[in-house]
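Participant: Next comes the structure file query_11.csv, holding CSV, C-alpha atoms.
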```csv
chain,number,residue,atom,x,y,z
A,25,MET,CA,27.4,19.1,13.6
A,26,GLU,CA,26.6,15.5,12.6
A,27,ALA,CA,23.2,15.0,10.9
A,28,VAL,CA,21.3,12.2,12.5
A,29,PHE,CA,18.0,12.6,10.6
A,30,ASP,CA,17.5,13.8,7.1
A,31,ARG,CA,15.2,13.6,4.1
A,32,PRO,CA,15.9,10.5,2.0
A,33,HIS,CA,17.4,11.3,-1.4
A,34,ALA,CA,14.6,9.4,-3.2
A,35,LEU,CA,12.0,11.6,-1.5
A,36,CYS,CA,11.6,14.9,-3.3
A,37,ASP,CA,11.8,18.1,-1.2
A,38,VAL,CA,8.3,19.4,-2.0
A,39,PRO,CA,5.1,19.9,0.0
A,40,THR,CA,2.6,17.1,-0.5
A,41,HIS,CA,-1.1,17.5,-1.1
A,42,TYR,CA,-2.2,15.0,1.6
A,43,CYS,CA,-4.5,16.1,4.4
A,44,PRO,CA,-3.0,16.8,7.9
A,45,GLY,CA,-2.7,13.6,9.8
A,46,CYS,CA,-2.8,11.4,6.7
A,47,THR,CA,-0.1,8.7,6.9
A,48,HIS,CA,0.7,8.6,3.2
A,49,GLY,CA,3.6,10.8,3.9
A,50,ILE,CA,5.1,8.4,6.4
A,51,ILE,CA,4.7,5.5,4.0
A,52,HIS,CA,6.3,7.6,1.2
A,53,ARG,CA,9.3,8.2,3.4
A,54,LEU,CA,9.6,4.5,4.3
A,55,ILE,CA,9.7,3.6,0.6
A,56,ALA,CA,12.2,6.3,-0.2
A,57,GLU,CA,14.4,5.2,2.7
A,58,VAL,CA,14.4,1.6,1.3
A,59,LEU,CA,15.2,2.9,-2.2
A,60,ASP,CA,18.2,4.7,-0.7
A,61,GLU,CA,19.4,1.9,1.4
A,62,LEU,CA,19.3,-0.6,-1.4
A,63,ASP,CA,20.8,2.0,-3.8
A,64,ILE,CA,18.1,1.4,-6.4
A,65,GLU,CA,16.5,4.8,-6.9
A,66,GLY,CA,18.0,5.2,-10.4
A,67,ASP,CA,16.8,1.7,-11.4
A,68,THR,CA,13.3,1.9,-10.0
A,69,VAL,CA,10.0,2.6,-11.8
A,70,GLY,CA,6.9,3.4,-9.6
A,71,VAL,CA,3.4,3.0,-10.9
A,72,CYS,CA,0.5,5.0,-9.4
A,73,PRO,CA,-3.1,4.9,-10.4
A,74,VAL,CA,-6.1,7.1,-9.6
A,75,GLY,CA,-6.7,7.8,-5.9
A,76,CYS,CA,-5.0,9.8,-3.2
A,77,SER,CA,-1.6,8.7,-4.6
A,78,VAL,CA,-2.5,10.1,-8.0
A,79,MET,CA,0.2,12.8,-7.7
A,80,ALA,CA,2.9,10.6,-6.1
A,81,TYR,CA,5.1,11.2,-9.2
A,82,ASP,CA,5.8,14.6,-7.6
A,83,TYR,CA,7.2,13.0,-4.5
A,84,PHE,CA,9.6,10.3,-5.5
A,85,GLY,CA,12.9,10.8,-7.3
A,86,CYS,CA,12.7,7.6,-9.3
A,87,ASP,CA,10.8,7.3,-12.6
A,88,MET,CA,7.1,7.2,-12.2
A,89,ILE,CA,4.2,6.1,-14.5
A,90,GLU,CA,0.6,7.1,-14.1
A,91,ALA,CA,-1.9,4.2,-14.6
A,92,PRO,CA,-5.6,4.1,-15.2
A,93,HIS,CA,-7.8,3.4,-12.2
A,94,GLY,CA,-7.0,-0.1,-10.8
A,95,ARG,CA,-4.6,-1.1,-13.6
A,96,ALA,CA,-1.3,-0.5,-11.9
A,97,PRO,CA,-0.4,-4.2,-11.6
A,98,ALA,CA,-1.0,-4.6,-15.3
A,99,VAL,CA,1.1,-1.6,-16.2
A,100,ALA,CA,3.8,-2.8,-13.8
A,101,THR,CA,3.7,-6.2,-15.4
A,102,GLY,CA,4.4,-4.6,-18.8
A,103,VAL,CA,7.2,-2.5,-17.5
A,104,LYS,CA,8.9,-5.4,-15.7
A,105,ARG,CA,8.6,-7.8,-18.6
A,106,ALA,CA,9.9,-5.2,-21.1
A,107,SER,CA,12.7,-4.1,-18.7
A,108,PRO,CA,13.4,-7.0,-16.3
A,109,ASP,CA,16.5,-5.2,-15.0
A,110,LYS,CA,14.2,-2.5,-13.5
A,111,VAL,CA,12.8,-2.5,-10.0
A,112,VAL,CA,9.0,-1.9,-10.4
A,113,PHE,CA,6.6,-1.1,-7.6
A,114,THR,CA,2.9,0.0,-7.5
A,115,TYR,CA,1.5,2.3,-4.8
A,116,GLN,CA,-2.3,1.8,-4.5
A,117,GLY,CA,-5.2,2.6,-2.3
A,118,ASP,CA,-8.0,0.2,-1.2
A,119,GLY,CA,-10.6,1.9,-3.5
A,120,ASP,CA,-8.2,1.2,-6.4
A,121,LEU,CA,-6.6,-2.2,-5.6
A,122,ALA,CA,-9.5,-3.9,-3.9
A,123,ALA,CA,-12.3,-2.6,-6.1
A,124,ILE,CA,-11.8,-1.8,-9.8
A,125,GLY,CA,-8.3,-3.3,-9.7
A,126,THR,CA,-9.1,-6.6,-8.0
A,127,CYS,CA,-8.7,-8.6,-11.2
A,128,GLU,CA,-5.3,-7.1,-12.1
A,129,THR,CA,-4.1,-7.7,-8.5
A,130,VAL,CA,-5.2,-11.4,-8.3
A,131,HIS,CA,-3.9,-12.3,-11.7
A,132,ALA,CA,-0.6,-10.6,-11.3
A,133,ALA,CA,-0.2,-12.6,-8.1
A,134,ALA,CA,-1.3,-15.8,-9.8
A,135,ARG,CA,1.4,-15.3,-12.5
A,136,ARG,CA,3.9,-14.5,-9.8
A,137,GLU,CA,4.9,-11.3,-11.5
A,138,ASN,CA,8.2,-10.2,-10.0
A,139,ILE,CA,6.9,-6.8,-8.8
A,140,THR,CA,6.3,-5.1,-5.5
A,141,VAL,CA,2.9,-3.8,-4.5
A,142,ILE,CA,2.4,-1.3,-1.7
A,143,PHE,CA,-1.3,-1.4,-0.7
A,144,ILE,CA,-2.7,1.5,1.4
A,145,ASN,CA,-5.8,0.5,3.4
A,146,ASN,CA,-7.7,3.4,5.0
A,147,THR,CA,-11.1,1.8,4.6
A,148,THR,CA,-12.6,4.6,2.5
A,149,TYR,CA,-12.4,6.2,-0.9
A,150,GLY,CA,-10.2,9.1,0.3
A,151,MET,CA,-9.8,11.2,-2.9
A,152,THR,CA,-13.4,11.3,-3.9
A,153,GLY,CA,-15.1,12.2,-0.7
A,154,GLY,CA,-15.2,9.3,1.7
A,155,GLN,CA,-17.5,6.7,0.0
A,156,MET,CA,-17.7,3.1,1.2
A,157,ALA,CA,-14.8,1.1,0.0
A,158,PRO,CA,-14.3,-2.7,-0.4
A,159,THR,CA,-12.4,-2.5,2.9
A,160,THR,CA,-14.9,-0.4,4.9
A,161,ILE,CA,-15.5,-2.4,8.1
A,162,PRO,CA,-19.0,-3.5,9.3
A,163,GLY,CA,-20.8,-0.6,11.0
A,164,GLN,CA,-18.5,2.1,9.6
A,165,ILE,CA,-20.3,5.3,8.6
A,166,THR,CA,-19.3,6.7,5.2
A,167,GLN,CA,-20.9,9.0,2.6
A,168,THR,CA,-22.6,6.0,1.0
A,169,SER,CA,-23.3,4.0,4.2
A,170,PRO,CA,-24.6,6.8,6.4
A,171,TYR,CA,-26.1,4.3,8.9
A,172,GLY,CA,-23.0,2.2,8.9
A,173,ARG,CA,-22.0,-0.7,6.6
A,174,ASP,CA,-24.7,-3.3,6.8
A,175,THR,CA,-23.3,-6.7,5.8
A,176,ALA,CA,-26.8,-8.0,5.0
A,177,MET,CA,-27.2,-5.3,2.4
A,178,GLN,CA,-23.6,-4.3,1.3
A,179,GLY,CA,-21.7,-7.5,2.0
A,180,TYR,CA,-18.5,-8.0,3.9
A,181,PRO,CA,-15.1,-6.3,3.5
A,182,ILE,CA,-12.5,-7.9,1.3
A,183,LYS,CA,-9.4,-9.0,3.3
A,184,ILE,CA,-6.7,-8.7,0.6
A,185,CYS,CA,-3.8,-10.3,2.5
A,186,GLU,CA,-5.9,-13.3,3.5
A,187,MET,CA,-7.2,-13.7,-0.1
A,188,LEU,CA,-3.8,-13.4,-1.8
A,189,ALA,CA,-2.2,-15.7,0.6
A,190,ALA,CA,-4.4,-18.5,-0.9
A,191,VAL,CA,-3.1,-17.7,-4.4
A,192,ASP,CA,-0.4,-20.2,-5.4
A,193,GLY,CA,1.7,-17.6,-7.2
A,194,THR,CA,2.0,-15.1,-4.4
A,195,ALA,CA,5.5,-15.0,-2.8
A,196,PHE,CA,5.1,-12.6,0.1
A,197,VAL,CA,2.2,-11.0,1.8
A,198,GLN,CA,2.3,-9.0,5.0
A,199,ARG,CA,-0.1,-6.5,6.7
A,200,VAL,CA,1.5,-3.7,8.7
A,201,SER,CA,0.3,-0.4,10.2
A,202,ALA,CA,1.5,3.3,10.3
A,203,ASP,CA,-0.1,4.1,13.7
A,204,SER,CA,2.9,4.0,16.0
A,205,VAL,CA,6.7,4.0,16.0
A,206,PRO,CA,7.0,0.2,16.6
A,207,HIS,CA,4.5,-0.5,13.9
A,208,ILE,CA,6.2,2.0,11.5
A,209,LEU,CA,9.5,0.3,12.0
A,210,GLU,CA,7.9,-3.1,11.3
A,211,ALA,CA,6.3,-1.6,8.2
A,212,LYS,CA,9.7,-0.5,6.9
A,213,LYS,CA,11.1,-4.0,7.4
A,214,ALA,CA,8.2,-5.5,5.4
A,215,ILE,CA,8.6,-2.9,2.6
A,216,ARG,CA,12.3,-3.6,2.4
A,217,LYS,CA,11.7,-7.3,2.2
A,218,ALA,CA,9.2,-6.8,-0.6
A,219,PHE,CA,11.8,-4.9,-2.6
A,220,GLU,CA,14.6,-7.4,-1.8
A,221,ASN,CA,12.3,-10.3,-2.9
A,222,GLN,CA,12.1,-8.6,-6.3
A,223,LEU,CA,15.8,-8.1,-6.5
A,224,ASN,CA,16.3,-11.8,-5.7
A,225,GLY,CA,13.7,-12.8,-8.3
A,226,ILE,CA,11.4,-14.4,-5.7
A,227,GLY,CA,8.2,-13.0,-7.2
A,228,PHE,CA,5.0,-11.1,-6.4
A,229,SER,CA,5.2,-9.3,-3.0
A,230,LEU,CA,2.5,-7.2,-1.4
A,231,VAL,CA,2.6,-5.1,1.7
A,232,GLU,CA,-0.7,-3.8,3.1
A,233,VAL,CA,-0.4,-0.8,5.3
A,234,LEU,CA,-3.3,0.2,7.6
A,235,SER,CA,-3.5,4.0,7.2
A,236,THR,CA,-5.5,7.0,8.5
A,237,CYS,CA,-7.9,9.2,6.7
A,238,PRO,CA,-8.8,11.9,9.3
A,239,THR,CA,-10.7,14.1,6.9
A,240,ASN,CA,-13.2,11.5,5.7
A,241,TRP,CA,-13.3,9.7,9.0
A,242,GLY,CA,-14.3,13.1,10.6
A,243,MET,CA,-11.6,12.8,13.2
A,244,THR,CA,-8.5,14.6,14.6
A,245,PRO,CA,-5.2,13.0,13.5
A,246,SER,CA,-4.6,11.6,17.0
A,247,ALA,CA,-8.1,10.1,17.1
A,248,ALA,CA,-7.6,8.6,13.7
A,249,MET,CA,-4.4,6.9,14.9
A,250,GLU,CA,-6.4,5.5,17.9
A,251,ARG,CA,-9.1,4.2,15.5
A,252,ILE,CA,-6.5,2.1,13.7
A,253,ARG,CA,-5.5,0.5,17.0
A,254,LYS,CA,-9.0,0.0,18.4
A,255,GLU,CA,-11.0,-0.8,15.3
A,256,LEU,CA,-8.9,-1.6,12.2
A,257,ILE,CA,-6.1,-3.9,13.7
A,258,PRO,CA,-8.7,-6.1,15.4
A,259,TYR,CA,-10.5,-6.6,12.1
A,260,TYR,CA,-7.4,-6.6,9.9
A,261,PRO,CA,-4.8,-8.4,12.1
A,262,LEU,CA,-1.2,-7.5,11.4
A,263,GLY,CA,1.4,-10.1,10.4
A,264,ILE,CA,2.9,-12.1,7.7
A,265,TYR,CA,0.3,-14.1,5.8
A,266,LYS,CA,2.7,-15.8,3.3
A,267,ASP,CA,6.4,-15.9,2.8
A,268,ILE,CA,7.7,-18.6,0.5
A,269,SER,CA,11.3,-17.7,1.4
A,270,ASN,CA,10.7,-18.9,4.9
A,271,GLN,CA,8.7,-22.0,3.7
A,272,SER,CA,11.7,-23.1,1.6
A,273,LYS,CA,14.1,-23.1,4.6
```
Starting from the file, lay out its structure as structure tokens.
Facilitator:
Amino acid sequence: MEAVFDRPHALCDVPTHYCPGCTHGIIHRLIAEVLDELDIEGDTVGVCPVGCSVMAYDYFGCDMIEAPHGRAPAVATGVKRASPDKVVFTYQGDGDLAAIGTCETVHAAARRENITVIFINNTTYGMTGGQMAPTTIPGQITQTSPYGRDTAMQGYPIKICEMLAAVDGTAFVQRVSADSVPHILEAKKAIRKAFENQLNGIGFSLVEVLSTCPTNWGMTPSAAMERIRKELIPYYPLGIYKDISNQSK
């Protein structure tokens, strides 16, 4: 019998530690499928910092490096400059990339480092218990905003794609979502393009993926998917925010 669906070779055959309904597993698979399709697993180095992705080294077949909290772009820069023939990607959450790691992210983009950044936005600090994150939307209840995020007191969320699109060194920025099959297919296209950009020497590429966190949101998996559609996508619109490969045509 012909197999029509199988585990990507770049995705390890092990159980993950993610909560039921979390879409990290979906995003892991998309990355692994792209590594397989581009035949670059053996030439790839992934960098994962502190956060829900802290144990991603158990899930990918490529080489992986653990980075201090927020410092994945700096570590990836060192790897890529020391071994420019390697394909280097970071896998970071919003509490990591958009908070303690904002500096590393912005300056790696400004230098147009030829790396690929996969940014998971679930609007909360997932690993540490659901505190308010830089991406927590106004009114959202978290462990540290029990009455909802008050912009007068706690400021506004940081929109990473919009911010990085204004950085001259950025090559490609797109926001996608993991809430539905059409959006997942679009997410894979964006992730593939981000890796292809690196292979073609185009420069810094970031794909932001709107993701669920049913445990810290206090929702069922299906309700969490619906929240992405009703609350997150309207606040964080999907789409390509910058693509210099298109601008040059």
Participant: Separation of atom CA of A:Asp109 and atom CA of A:Asp67, in Å?
Facilitator: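 Rounded to one decimal, the two atoms are 7.8 Å apart.
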Participant: Taking into account all atoms listed in the file, which residue in the set A:Leu256, A:Ile226, A:Cys76, A:Ile124 is nearest to A:Pro162?
Facilitator: A:Leu256
Participant: Pick out the residues sitting within 9 Å of A:His52, and hand them over as a PyMOL selection string; count all atoms listed in the file, and ignore anything fewer than 5 positions along from it in its own chain.
Facilitator: chain A and resi 35+47+57+80+83-84
Participant: In Å, with one decimal, what is the gap from atom CA of A:Glu137 to atom CA of A:Leu209?
Facilitator: 26.6 Å
Participant: Tell me, in Å to one decimal, how far atom CA of A:Cys237 is from atom CA of A:Gly150.
Facilitator: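 Going from atom CA of A:Cys237 over to atom CA of A:Gly150, I get 6.8 Å.
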Participant: For A:Arg31, please output as a PyMOL selection string all residues within 12 Å (counting all atoms listed in the file; exclusion window: fewer than 5 positions along the same chain).
Facilitator: chain A and resi 36-38+49-50+52-57+60+83-85
Participant: Do you know which residues are at most 7 Å from A:Thr160 counting only C-alpha atoms, after dropping those on the same chain fewer than 5 positions away, and could you put them as a list in words?
Facilitator: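 The neighbour list is Thr147, Thr148 and Pro181 of chain A.
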Participant: Would you kindly return, as a PyMOL selection string, each protein, DNA or RNA residue with an atom no farther than 10 Å from any atom of A:Ala248, considering only C-alpha atoms and excluding same-chain residues fewer than 3 positions away?
Facilitator: chain A and resi 45-46+203+235-239+241-245+251-254
